[in-house]
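Student: Have a look at this one before I ask anything.
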Protein chains: 4
Amino acid sequence: MRFFENKVTDIHIAYIGGGSRGWAWGLMNDLALESCISGDVRLYDIDMEAACDNEIIGNSLSNNVSAENEWRYKAVETLEEALTGADFVVISILPGTFKDMESDVHAPEKLGIYQSVGDTTGPGGLVRALRAIPMYAEIAAQIKVCCPDAWVINYTNPMTICTRTLYQVFPRIKAFGCCHEVFSTQELFVRILKEFRSIEGAGRNDFKLNILGINHFTWIDKATYKGMDLFPLFSEFTERYYEQGFDGPPPEAAEAYFDCGHRVRMDLFKRYGIIVVGGDRHLSEFCPPWYLKTPETVKEWQFRLTPVSYRVKELGKRIARAKKLVGGEEKWEIEPSGEEGVLQMKALLGLQDMVTNVNLPNYGQNTGIPLNCVVESNVLISRDSVIPLEAGKLPDDVNSLVMRQVINQETIVKAGLNKDRELAFRAFANDALMTASIRDARKLFNEMLENTNSCI
Amino acid sequence: MRFFENKVTDIHIAYIGGGSRGWAWGLMNDLALESCISGDVRLYDIDMEAACDNEIIGNSLSNNVSAENEWRYKAVETLEEALTGADFVVISILPGTFKDMESDVHAPEKLGIYQSVGDTTGPGGLVRALRAIPMYAEIAAQIKVCCPDAWVINYTNPMTICTRTLYQVFPRIKAFGCCHEVFSTQELFVRILKEFRSIEGAGRNDFKLNILGINHFTWIDKATYKGMDLFPLFSEFTERYYEQGFDGPPPEAAEAYFDCGHRVRMDLFKRYGIIVVGGDRHLSEFCPPWYLKTPETVKEWQFRLTPVSYRVKELGKRIARAKKLVGGEEKWEIEPSGEEGVLQMKALLGLQDMVTNVNLPNYGQNTGIPLNCVVESNVLISRDSVIPLEAGKLPDDVNSLVMRQVINQETIVKAGLNKDRELAFRAFANDALMTASIRDARKLFNEMLENTNSCI
Amino acid sequence: MRFFENKVTDIHIAYIGGGSRGWAWGLMNDLALESCISGDVRLYDIDMEAACDNEIIGNSLSNNVSAENEWRYKAVETLEEALTGADFVVISILPGTFKDMESDVHAPEKLGIYQSVGDTTGPGGLVRALRAIPMYAEIAAQIKVCCPDAWVINYTNPMTICTRTLYQVFPRIKAFGCCHEVFSTQELFVRILKEFRSIEGAGRNDFKLNILGINHFTWIDKATYKGMDLFPLFSEFTERYYEQGFDGPPPEAAEAYFDCGHRVRMDLFKRYGIIVVGGDRHLSEFCPPWYLKTPETVKEWQFRLTPVSYRVKELGKRIARAKKLVGGEEKWEIEPSGEEGVLQMKALLGLQDMVTNVNLPNYGQNTGIPLNCVVESNVLISRDSVIPLEAGKLPDDVNSLVMRQVINQETIVKAGLNKDRELAFRAFANDALMTASIRDARKLFNEMLENTNSCI
Amino acid sequence: MRFFENKVTDIHIAYIGGGSRGWAWGLMNDLALESCISGDVRLYDIDMEAACDNEIIGNSLSNNVSAENEWRYKAVETLEEALTGADFVVISILPGTFKDMESDVHAPEKLGIYQSVGDTTGPGGLVRALRAIPMYAEIAAQIKVCCPDAWVINYTNPMTICTRTLYQVFPRIKAFGCCHEVFSTQELFVRILKEFRSIEGAGRNDFKLNILGINHFTWIDKATYKGMDLFPLFSEFTERYYEQGFDGPPPEAAEAYFDCGHRVRMDLFKRYGIIVVGGDRHLSEFCPPWYLKTPETVKEWQFRLTPVSYRVKELGKRIARAKKLVGGEEKWEIEPSGEEGVLQMKALLGLQDMVTNVNLPNYGQNTGIPLNCVVESNVLISRDSVIPLEAGKLPDDVNSLVMRQVINQETIVKAGLNKDRELAFRAFANDALMTASIRDARKLFNEMLENTNSCI
């Protein structure tokens with residue numbers, strides 16, 4: 001890298017999962033819009049064809065009139081090649097195939113266990129973790145060799161487990177995990193402010209939220225908008241919308257899998273008096289099966305079970321689009337992704353400090369969770385530095401729900417790294433959604449590992 | 001009290017709940033069998049008639065040929081009278097009536113929530129706690145005034161909550177809670193040793209068990225018999241009997257409400273690798289509804305739901321017996337109760353040290369649970385001293401189940417002492433058995449409080 | 001307060017110790033230079049004449065050509081009048097008289113105990129604390145009544161003890177303590193960078209220092225300048241200057257009481273491998289008497305014992321200047337004080353975030369020191385919010401030196417609030433500088449309390 | 001081993017340091033007096049001649065009329081031979097020669113650092129530790145191989161460091177460290193009871209003392225004699241004897257090196273309100289140089305500096321006696337040593353439970369000291385089991401003195417195991433007695449390591 005005044009050039013980014021048509025495209029967009037940084041992006045993916053497509057798409061952006069600079073993209077064949085000399089490493093991979101995910105999400109249904117996402121916790125999330133852990137162990141080991149001082153940004157789920165694995169394998173790594181769940185909560189507040197207080201045009205950054213918990217099961221115990229306490233407001237909101245839901249998907253709506261009526265969020269507010277950040281579909285998986293008992297329960301709570309078939313269909317559309325972009329049949333419109341990855345890089349380069357929420361080992365920022373477990377909290381990002389802001393701790397009852405998950409996550413990481421199948425089953429059987437008998441749980445566990453060719 | 005060599009005379013015992021026909025009768029038996037201690041017992045009960053009956057029964061024991069001494073019994077009209085100058089205080093009360101207990105145990109059934117006991121945790125245990133807490137607050141306040149140096153032994157459930165309340169109100173109190181659940185586990189080991197190792201005549205005291213957890217949800221992580229590790233043995237036992245159960249009640253057996261086939265204990269051993277101490281009917285209430293989902297589930301797991309109607313019937317028999325004893329129609333046969341209360345008193349008098357398990361605030365004996373919460377562990381009892389033995393901590397996953405209960409118990413104690421109904425509901429809704437919606441839970445909570453004239 | 005765009009008007013500041021001719025004058029300067037904030041400052045001081053002088057001086061600033069706005073100053077007669085409705089409270093008082101301080105600093109010398117400052121720790125600091133604690137208890141109680149939502153900035157020593165007292169008396173107070181010791185360390189780095197790396201023009205804000213410890217005994221375990229690790233540099237510096245000192249005061253220099261050769265700082269670096277922030281004269285008081293054994297030892301270590309006579313003389317000069325300013329004989333030149341108080345206010349008003357080091361109760365930012373004790377660390381200051389940055393913990397051996405002080409401070413606060421003279425003596429006798437026998441210590445303690453009319 | 005009723009035969013004891021003429025002779029005595037245990041003792045010593053002498057002496061005891069059994073003694077040539085198959089391992093070695101100890105104790109005197117013992121802490125204790133650590137590492141490694149289930153009793157100083165090393169190298173070891181300092185405190189209480197309360201014949205076991213701290217710096221915060229609180233009594237004692245001392249050695253007495261007037265103990269009682277267990281000569285080394293400033297200070301405090309020349313002379317006498325015993329010129333009188341080693345073995349064999357104080361890793365018994373550091377507390381010893389009694393924690397100010405030592409001990413163990421000379425120096429320079437400059441400390445450290453051929 002070279003630093004001049006407020007510019008940095010010759011930045012090397014390694015993108016692991018560089019064939020991605022989601023996070024990678026977002027990053028390309030955002031990089032193209034920054035005039036103060038430039039360099040190259042090495043795209044590594046086990047799907048080399050997808051990486052090559054992205055090389056073409058990425059390089060074509062420079063010709064775009066909105067582009068503020070010229071980033072060079074290059075698909076590479078090995079992890080080592082991508083990482084060597086990298087200043088930043090971005091990781092967004094799919095740990096396994098959609099066929100694996102089909103098993104993760106749907107196999108447990110035969111025991112009456114429904115998962116709305118299946119990539120973070122629950123039986124599906126844990127089996128996915130067992131695939132992801134060796135991949136992350138390998139990545140961490142290579143980073144140690146090829147670019148030990150690089151900053152590593154992870155987007156893959158299960159977020160907590162992937163990030164924890166990086167630190168277990170290479171404790172001095174400079175890694176953190178990012179998730180956009182908080183953004184949608186900020187946007188919900190914008191809408192509530194408008195409806196309940198007639199405040200127009202509140203921006204995401206006008207909110208101060210104290211973030212506590214773990215990824216996808218994250219909570220806010222203090223929230224202000226320009227100094228105004230948002231808790232009384234959220235209380236009014238809950239009073240008005242608890243029963244009917246707030247702007248939930250019409251029951252008959254096809255494919256509105258990411259929409260929800262915020263009833264789970266409101267229900268948890270009524271139970272515990274604090275506000276959850278995660279979306280209903282994620283956080284319902286961390287609770288006892290209050291919200292996921294049956295598909296009908298899910299419907300009542302106004303969220304959706306995302307079927308893997310939908311993901312397959314969506315991917316088909318994206319692949320088709322990629323081919324058009326590569327072939328020049330479609331032209332890319334550069335527009336901000338709304339994600340923060342590039343802003344975080346700029347902050348790490350010293351161009352502009354920022355406060356945001358990320359996932360990091362607990363250095364003390366959450367005093368209710370053991371040190372070193374990965375937690376989500378606000379951090380201050382500045383030149384070569386990510387420092388957690390002290391967040392305090394959750395109310396004891398909420399914390400005990402979180403701790404049950406933390407302990408299962410710790411167990412699964414240990415099981416995955418040591419290839420200890422019995423230990424992995426122990427976490428599986430102890431999952432909050434696991435209502436089946438130990439015998440059925442064992443059978444399901446074996447089946448799910450077999451379905452997904454798990455090497456544990 | 002007067003001490004001579006190995007004798008102590010003029011001991012004053014206050015018995016709160018002195019009309020009891022269970023624990024009180026046991027104590028009378030055991031006191032009569034000790035030649036080295038003597039004194040008087042003041043019986044206080046809100047049912048004065050029952051206390052007067054016990055006065056007559058107790059005093060009659062001295063005439064019994066097996067009696068080793070002469071204890072004087074006296075029913076008294078006020079708590080103050082009972083406590084003033086007491087050296088020991090024994091508490092075994094029923095917090096409320098059987099009609100209250102009827103509501104505690106059975107009201108939740110309409111929401112599909114089944115409780116096998118209903119006096120310790122679960123919705124019933126928590127509502128019972130709300131009745132017990134003010135009673136214990138009153139007792140503690142009177143002890144502070146009338147006999148601050150007395151040793152206080154509690155037998156009432158919910159054990160943890162009652163004991164915690166005593167310490168909250170009078171922090172310098174010398175109190176502990178006793179429970180016999182460990183004895184039956186020791187007896188189970190005796191039977192297993194006989195069947196699997198052909199060892200005859202093992203005695204309860206030949207076992208060394210490291211005790212961890214909270215009352216009725218207590219675990220053993222180390223167990224030896226004369227230096228022999230019992231874990232491999234318990235593993236064999238589980239292999240042989242997991243499916244069929246060990247000596248469970250025949251499905252058609254009437255009223256075998258306290259019997260069980262130890263299948264829950266074996267299931268938890270398979271899940272977590274350590275042995276639970278509590279009986280199946282108690283500990284199933286602390287888990288997610290794995291064992292209490294429906295009455296059929298309970299049957300499969302080979303334990304029973306104890307209906308309150310049974311308790312009413314049993315009490316009727318005991319009252320009838322009391323009347324016969326008072327009237328001299330039946331003669332009392334003095335025999336050891338198998339309980340340890342009198343041994344504990346002797347130890348506290350310095351007559352003979354003992355090691356046993358009791359419930360005490362956590363001074364550090366359990367390093368996985370916050371200080372001051374009431375935990376069960378082994379202690380050394382000697383002259384005027386009860387010192388916990390360091391027990392270490394439970395495996396993390398088991399500990400997280402225990403912690404969820406600990407936190408609910410802490411919450412309910414706080415709610416009960418401050419008469420904070422909202423806080424009490426928070427614990428109620430967060431109970432491990434509470435599968436109902438927050439709305440139904442709220443309705444049930446209100447109904448149960450109304451049923452039982454709760455003053456919260 | 002009224003907020004418009006990037007301006008805030010009608011701000012009310014209460015200045016306790018408003019007759020101050022040090023911190024107060026600095027604040028007046030800095031307020032005058034800010035165009036975006038305005039309001040009034042109420043000056044309260046037990047020396048009403050001094051407050052009235054400052055009213056005149058403060059109001060005259062508006063006429064100054066460099067003034068960017070018009071702040072109104074007003075001396076008030078009661079604490080209540082000053083505080084009512086305040087948005088900010090600034091406290092810089094002298095706890096007692098210079099005669100008291102004469103006793104604090106010099107009385108212990110007869111036992112061979114030398115103090116270079118005597119206002120923070122050591123026998124003098126502790127006796128001063130006993131005077132300050134009731135004053136701060138009174139201030140906190142009044143803030144609770146008059147302006148519970150105000151932000152309170154404390155400058156008075158003993159910093160830790162004063163800040164702790166505020167929180168003990170009014171736990172919801174929004175207070176922090178500020179000290180400029182870190183600035184001089186930053187300036188030392190600027191000079192070292194110039195001499196050892198030929199880097200010119202490094203600014204105070206180009207340094208990132210991780211701050212750990214307690215006020216005046218504060219340490220840095222990570223330090224970078226624009227991404228460059230400063231530890232190897234400080235090591236070189238120590239190698240070159242350890243023996244001779246770096247720019248220490250000439251031995252014969254009169255009155256250079258605040259200068260030092262940084263030999264203590266270098267010595268502690270050699271001992272513990274991390275860098276102290278505090279100046280030599282402060283931190284030598286926290287160590288065993290390594291540096292303060294005799295006046296000769298002090299000289300060898302190239303720092304100075306500040307005699308109270310010097311402070312008296314300096315004050316005389318300042319009073320004379322005040323009179324000239326009031327009388328118009330001297331004209332005020334407005335210039336930035338170099339302090340951060342006004343920047344902090346702007347940040348709290350939401351005008352511009354800042355990261356700086358302040359003293360706050362430990363919410364977890366220092367994982368080596370018990371929660372709630374007051375520690376110094378970096379914080380993020382933004383609209384109505386001061387959030388500590390997680391700082392980790394000191395190396396164990398350094399932490400044990402700090403903990404000895406923390407415990408003494410906690411003891412003295414408790415003693416001061418409860419007027420418990422015996423407890424206060426316990427801290428006094430346990431002070432790191434207290435080498436005298438318990439008998440001599442007791443005599444000294446009584447004498448020092450008598451000298452200073454202590455009400456304990 | 002073979003167990004019959006209340007007898008155990010065929011016990012194998014390995015004695016490391018088996019040429020010892022102190023602890024070993026005591027053990028021989030005590031073993032000879034026990035009718036319920038028998039077996040053999042393998043004596044290993046680098047001084048093979050001494051071990052052979054002890055073989056002869058030990059075997060001769062069986063012929064003694066007072067002997068209750070027949071133990072066989074055998075000097076062996078290797079550690080492995082001694083340990084293989086051992087049921088118990090006793091370790092009492094001298095880590096180095098008296099010439100080494102001469103350097104440990106007296107070399108620091110040139111810098112004005114006086115040590116009354118020099119084997120536990122202080123510069124001498126730390127350098128001795130650096131010799132002991134590799135020896136203990138070797139012993140632990142061999143125990144792991146030769147007798148992993150043996151119980152290991154350590155008598156060697158520095159006790160804490162030796163015990164900690166055993167656990168660091170072989171974490172599953174069943175080891176504890178024993179010290180008789182508590183006995184002499186019990187005997188002091190016997191004398192005080194007689195003088196102040198006219199109570200005759202109090203026995204050591206009539207006292208209940210709650211033991212807290214680390215070996216030789218151990219404290220009691222609760223003490224009773226048959227239920228009587230001993231603190232008011234100790235307070236009276238201190239009032240009467242603080243100035244004059246209690247039965248201290250006459251100033252002119254030659255060689256009364258182990259006597260003291262208990263003035264240090266009383267002084268610490270006046271400072272901190274609790275009672276120290278250790279003798280004055282040991283505990284003065286753990287404090288700042290309050291009691292060891294100069295030889296005159298020591299005299300005033302009525303204890304003695306034990307010169308190594310005295311130890312040499314005493315050893316000469318013992319060697320001479322050994323030769324007489326071997327040659328049959330002197331006949332052995334069997335008499336109880338007053339030590340508890342054999343009682344502890346009997347308890348571990350299940351013959352009789354006992355409560356005593358030993359040194360063990362902290363499992364939670366001391367809540368003020370980090371887990372795993374070696375602490376001294378009461379324990380319950382029973383069949384194959386040593387369980388700490390929960391002891392709570394020291395008052396904060398005392399704990400901070402103890403923690404400084406704990407941290408130095410942890411550092412020196414780490415330094416010794418990793419042969420990290422710089423780290424060792426860090427502890428050396430941070431010792432509570434180290435008043436010299438860092439330069440002089442460094443010079444002394446190098447010299448002391450050279451004097452003693454340290455391999456670090």
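Lettering and numbering for the structure tokens are positional, with chains as A, B, ... in the shown order, residues counted from 1 in each chain, and ligands counted from 1 in the shown order.
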Please identify all residues of chain C having at least one atom at most 7 Å from any atom of chain D, considering only C-alpha atoms, and return them as a ChimeraX atom specification.
Tutor: /C:271,290,396-397,400,403-404,407,426,435
Student: Using only C-alpha atoms, which protein or nucleic acid residues come within 9 Å of Cys373 of chain C? Drop anything in the same chain fewer than 2 positions from it, and give the result as a list of chain:residue names.
Tutor: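 The residues satisfying every condition are C:Thr160, C:Arg164, C:Leu360, C:Pro361, C:Asn362, C:Tyr363, C:Ile369, C:Pro370, C:Leu371, C:Val375, C:Val406, C:Ile407, C:Gln409, C:Glu410.
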Student: Can you tell me, as a PyMOL selection string, what residues are no more than 8 Å from Val308 of chain D when counting only C-alpha atoms, ignoring any on the same chain fewer than 5 positions away?
Tutor: chain D and resi 98+101-102+105
Student: Identify, on the basis of only C-alpha atoms, every residue whose closest approach to segment 350-353 of chain B does not exceed 12 Å; exclude the query and any residue fewer than 6 positions from it along the same chain; express the result as a PyMOL selection string.
Tutor: (chain B and resi 3-8+34-37+342-344+379-387) or (chain D and resi 206-208+225-227+352-355+380)
Student: DSSP on the backbone: which residues in segment 160-316 of chain B end up as strand (DSSP E or B)? Give the answer as a list in words.
Tutor: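 Residues meeting the strand (DSSP E or B) criterion: Lys174, Ala175, Phe176, Gly177, Phe207, Lys208, Leu209, Asn210, Ile211, Leu212, Gly213, Ile214, Phe217, Thr218, Trp219, Ile220, Asp221, Lys222, Ala223, Thr224, Tyr225, Met228, Asp229, Ile275 and Val276 of chain B.
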Student: Measure the distance from atom CA of Tyr114 of chain B to atom CA of Gly112 of chain A in Å and round it to one decimal.
Tutor: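 Straight-line distance from atom CA of Tyr114 of chain B to atom CA of Gly112 of chain A works out to 20.5 Å.
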Student: Taking the backbone alone, and naming residues the way the document does, which bits of segment 119-169 of chain B are helix (DSSP H, G or I) by DSSP, as a PyMOL selection string?
Tutor: chain B and resi 122-146+159-169
Student: Next, write the just-selected residues to a file, as an mmCIF file, in the first residue's frame, keeping N, CA and C atoms as the atom set.
Tutor:
data_model
loop_
_atom_site.group_PDB
_atom_site.id
_atom_site.type_symbol
_atom_site.label_atom_id
_atom_site.label_comp_id
_atom_site.auth_asym_id
_atom_site.auth_seq_id
_atom_site.Cartn_x
_atom_site.Cartn_y
_atom_site.Cartn_z
ATOM 1 N N GLY B 122 -41.096 -24.707 37.745
ATOM 2 C CA GLY B 122 -42.305 -24.759 36.936
ATOM 3 C C GLY B 122 -43.259 -23.671 37.414
ATOM 4 N N PRO B 123 -44.334 -23.445 36.681
ATOM 5 C CA PRO B 123 -45.283 -22.401 37.107
ATOM 6 C C PRO B 123 -45.760 -22.624 38.543
ATOM 7 N N GLY B 124 -46.013 -23.861 38.894
ATOM 8 C CA GLY B 124 -46.498 -24.145 40.248
ATOM 9 C C GLY B 124 -45.476 -23.806 41.306
ATOM 10 N N GLY B 125 -44.244 -24.216 41.091
ATOM 11 C CA GLY B 125 -43.194 -23.948 42.066
ATOM 12 C C GLY B 125 -42.986 -22.458 42.257
ATOM 13 N N LEU B 126 -43.096 -21.701 41.163
ATOM 14 C CA LEU B 126 -42.853 -20.264 41.264
ATOM 15 C C LEU B 126 -43.987 -19.567 42.015
ATOM 16 N N VAL B 127 -45.214 -19.995 41.766
ATOM 17 C CA VAL B 127 -46.335 -19.379 42.488
ATOM 18 C C VAL B 127 -46.290 -19.783 43.968
ATOM 19 N N ARG B 128 -45.935 -21.028 44.227
ATOM 20 C CA ARG B 128 -45.740 -21.448 45.616
ATOM 21 C C ARG B 128 -44.666 -20.573 46.277
ATOM 22 N N ALA B 129 -43.595 -20.312 45.532
ATOM 23 C CA ALA B 129 -42.516 -19.469 46.058
ATOM 24 C C ALA B 129 -43.051 -18.106 46.475
ATOM 25 N N LEU B 130 -43.953 -17.567 45.673
ATOM 26 C CA LEU B 130 -44.481 -16.237 45.996
ATOM 27 C C LEU B 130 -45.287 -16.257 47.306
ATOM 28 N N ARG B 131 -45.825 -17.410 47.654
ATOM 29 C CA ARG B 131 -46.471 -17.517 48.978
ATOM 30 C C ARG B 131 -45.423 -17.729 50.082
ATOM 31 N N ALA B 132 -44.409 -18.526 49.764
ATOM 32 C CA ALA B 132 -43.426 -18.872 50.793
ATOM 33 C C ALA B 132 -42.524 -17.704 51.174
ATOM 34 N N ILE B 133 -42.187 -16.878 50.203
ATOM 35 C CA ILE B 133 -41.197 -15.821 50.448
ATOM 36 C C ILE B 133 -41.615 -14.894 51.598
ATOM 37 N N PRO B 134 -42.841 -14.364 51.622
ATOM 38 C CA PRO B 134 -43.178 -13.505 52.773
ATOM 39 C C PRO B 134 -43.162 -14.266 54.104
ATOM 40 N N MET B 135 -43.535 -15.540 54.082
ATOM 41 C CA MET B 135 -43.468 -16.326 55.321
ATOM 42 C C MET B 135 -42.015 -16.434 55.799
ATOM 43 N N TYR B 136 -41.136 -16.733 54.876
ATOM 44 C CA TYR B 136 -39.729 -16.868 55.258
ATOM 45 C C TYR B 136 -39.105 -15.531 55.637
ATOM 46 N N ALA B 137 -39.572 -14.477 54.997
ATOM 47 C CA ALA B 137 -39.079 -13.148 55.369
ATOM 48 C C ALA B 137 -39.451 -12.855 56.823
ATOM 49 N N GLU B 138 -40.673 -13.212 57.194
ATOM 50 C CA GLU B 138 -41.140 -13.012 58.561
ATOM 51 C C GLU B 138 -40.324 -13.875 59.543
ATOM 52 N N ILE B 139 -40.134 -15.117 59.180
ATOM 53 C CA ILE B 139 -39.360 -16.009 60.062
ATOM 54 C C ILE B 139 -37.936 -15.470 60.259
ATOM 55 N N ALA B 140 -37.306 -15.064 59.159
ATOM 56 C CA ALA B 140 -35.931 -14.558 59.260
ATOM 57 C C ALA B 140 -35.867 -13.321 60.142
ATOM 58 N N ALA B 141 -36.850 -12.447 59.975
ATOM 59 C CA ALA B 141 -36.855 -11.215 60.766
ATOM 60 C C ALA B 141 -37.000 -11.539 62.250
ATOM 61 N N GLN B 142 -37.835 -12.526 62.577
ATOM 62 C CA GLN B 142 -38.022 -12.919 63.982
ATOM 63 C C GLN B 142 -36.782 -13.622 64.532
ATOM 64 N N ILE B 143 -36.159 -14.432 63.716
ATOM 65 C CA ILE B 143 -34.923 -15.101 64.175
ATOM 66 C C ILE B 143 -33.868 -14.063 64.523
ATOM 67 N N LYS B 144 -33.773 -13.051 63.691
ATOM 68 C CA LYS B 144 -32.805 -11.976 63.931
ATOM 69 C C LYS B 144 -33.004 -11.368 65.325
ATOM 70 N N VAL B 145 -34.261 -11.262 65.712
ATOM 71 C CA VAL B 145 -34.568 -10.651 67.000
ATOM 72 C C VAL B 145 -34.467 -11.664 68.140
ATOM 73 N N CYS B 146 -35.018 -12.846 67.916
ATOM 74 C CA CYS B 146 -35.228 -13.781 69.035
ATOM 75 C C CYS B 146 -34.075 -14.754 69.276
ATOM 76 N N MET B 159 -36.965 -25.261 48.226
ATOM 77 C CA MET B 159 -35.806 -25.218 49.118
ATOM 78 C C MET B 159 -34.859 -24.048 48.834
ATOM 79 N N THR B 160 -34.432 -23.928 47.590
ATOM 80 C CA THR B 160 -33.443 -22.896 47.245
ATOM 81 C C THR B 160 -33.998 -21.516 47.563
ATOM 82 N N ILE B 161 -35.237 -21.319 47.179
ATOM 83 C CA ILE B 161 -35.837 -19.989 47.319
ATOM 84 C C ILE B 161 -36.079 -19.666 48.792
ATOM 85 N N CYS B 162 -36.547 -20.648 49.565
ATOM 86 C CA CYS B 162 -36.763 -20.398 50.998
ATOM 87 C C CYS B 162 -35.437 -20.062 51.687
ATOM 88 N N THR B 163 -34.408 -20.818 51.380
ATOM 89 C CA THR B 163 -33.110 -20.595 52.018
ATOM 90 C C THR B 163 -32.541 -19.240 51.612
ATOM 91 N N ARG B 164 -32.664 -18.935 50.330
ATOM 92 C CA ARG B 164 -32.170 -17.646 49.839
ATOM 93 C C ARG B 164 -32.870 -16.493 50.542
ATOM 94 N N THR B 165 -34.181 -16.644 50.755
ATOM 95 C CA THR B 165 -34.947 -15.583 51.417
ATOM 96 C C THR B 165 -34.447 -15.353 52.840
ATOM 97 N N LEU B 166 -34.186 -16.437 53.557
ATOM 98 C CA LEU B 166 -33.659 -16.279 54.925
ATOM 99 C C LEU B 166 -32.397 -15.423 54.915
ATOM 100 N N TYR B 167 -31.477 -15.708 54.006
ATOM 101 C CA TYR B 167 -30.215 -14.959 53.965
ATOM 102 C C TYR B 167 -30.399 -13.531 53.458
ATOM 103 N N GLN B 168 -31.328 -13.319 52.536
ATOM 104 C CA GLN B 168 -31.558 -11.958 52.056
ATOM 105 C C GLN B 168 -32.042 -11.064 53.194
ATOM 106 N N VAL B 169 -32.925 -11.615 54.036
ATOM 107 C CA VAL B 169 -33.537 -10.794 55.081
ATOM 108 C C VAL B 169 -32.613 -10.664 56.293
#
Student: What lies within 10 Å of segment 246-263 of chain C using only C-alpha atoms, ignoring chain neighbours under 6 positions off, as a PyMOL selection string?
Tutor: chain C and resi 116-117+188+192+237-238+240+269+279-281+291+299-307+310
Student: List as a PyMOL selection string the protein and nucleic acid residues near Leu43 of chain C, meaning an atom at most 9 Å away when only C-alpha atoms are counted, but skip any in the same chain fewer than 4 places from it.
Tutor: chain C and resi 13-19+48+51-52+54-55+73-77+82
Student: Using Å and a single decimal, report how far atom CA of Asp119 of chain D sits from atom CA of Ser184 of chain D.
Tutor: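 Those two atoms sit 19.1 Å apart.
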Student: Near segment 173-181 of chain C, counting only C-alpha atoms, which residues have an atom at most 6 Å away, once you skip same-chain residues fewer than 6 positions from it, shown as a list in words?
Tutor: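 Neighbouring residues, sequence-local ones excluded: Trp151, Val152, Ile153, Asn154, Tyr155, Gly278, Val358, Asn359 and Leu360 of chain C.
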Student: So how far away is atom CA of Val277 of chain D from atom CA of Val264 of chain D, in Å?
Tutor: 11.1 Å
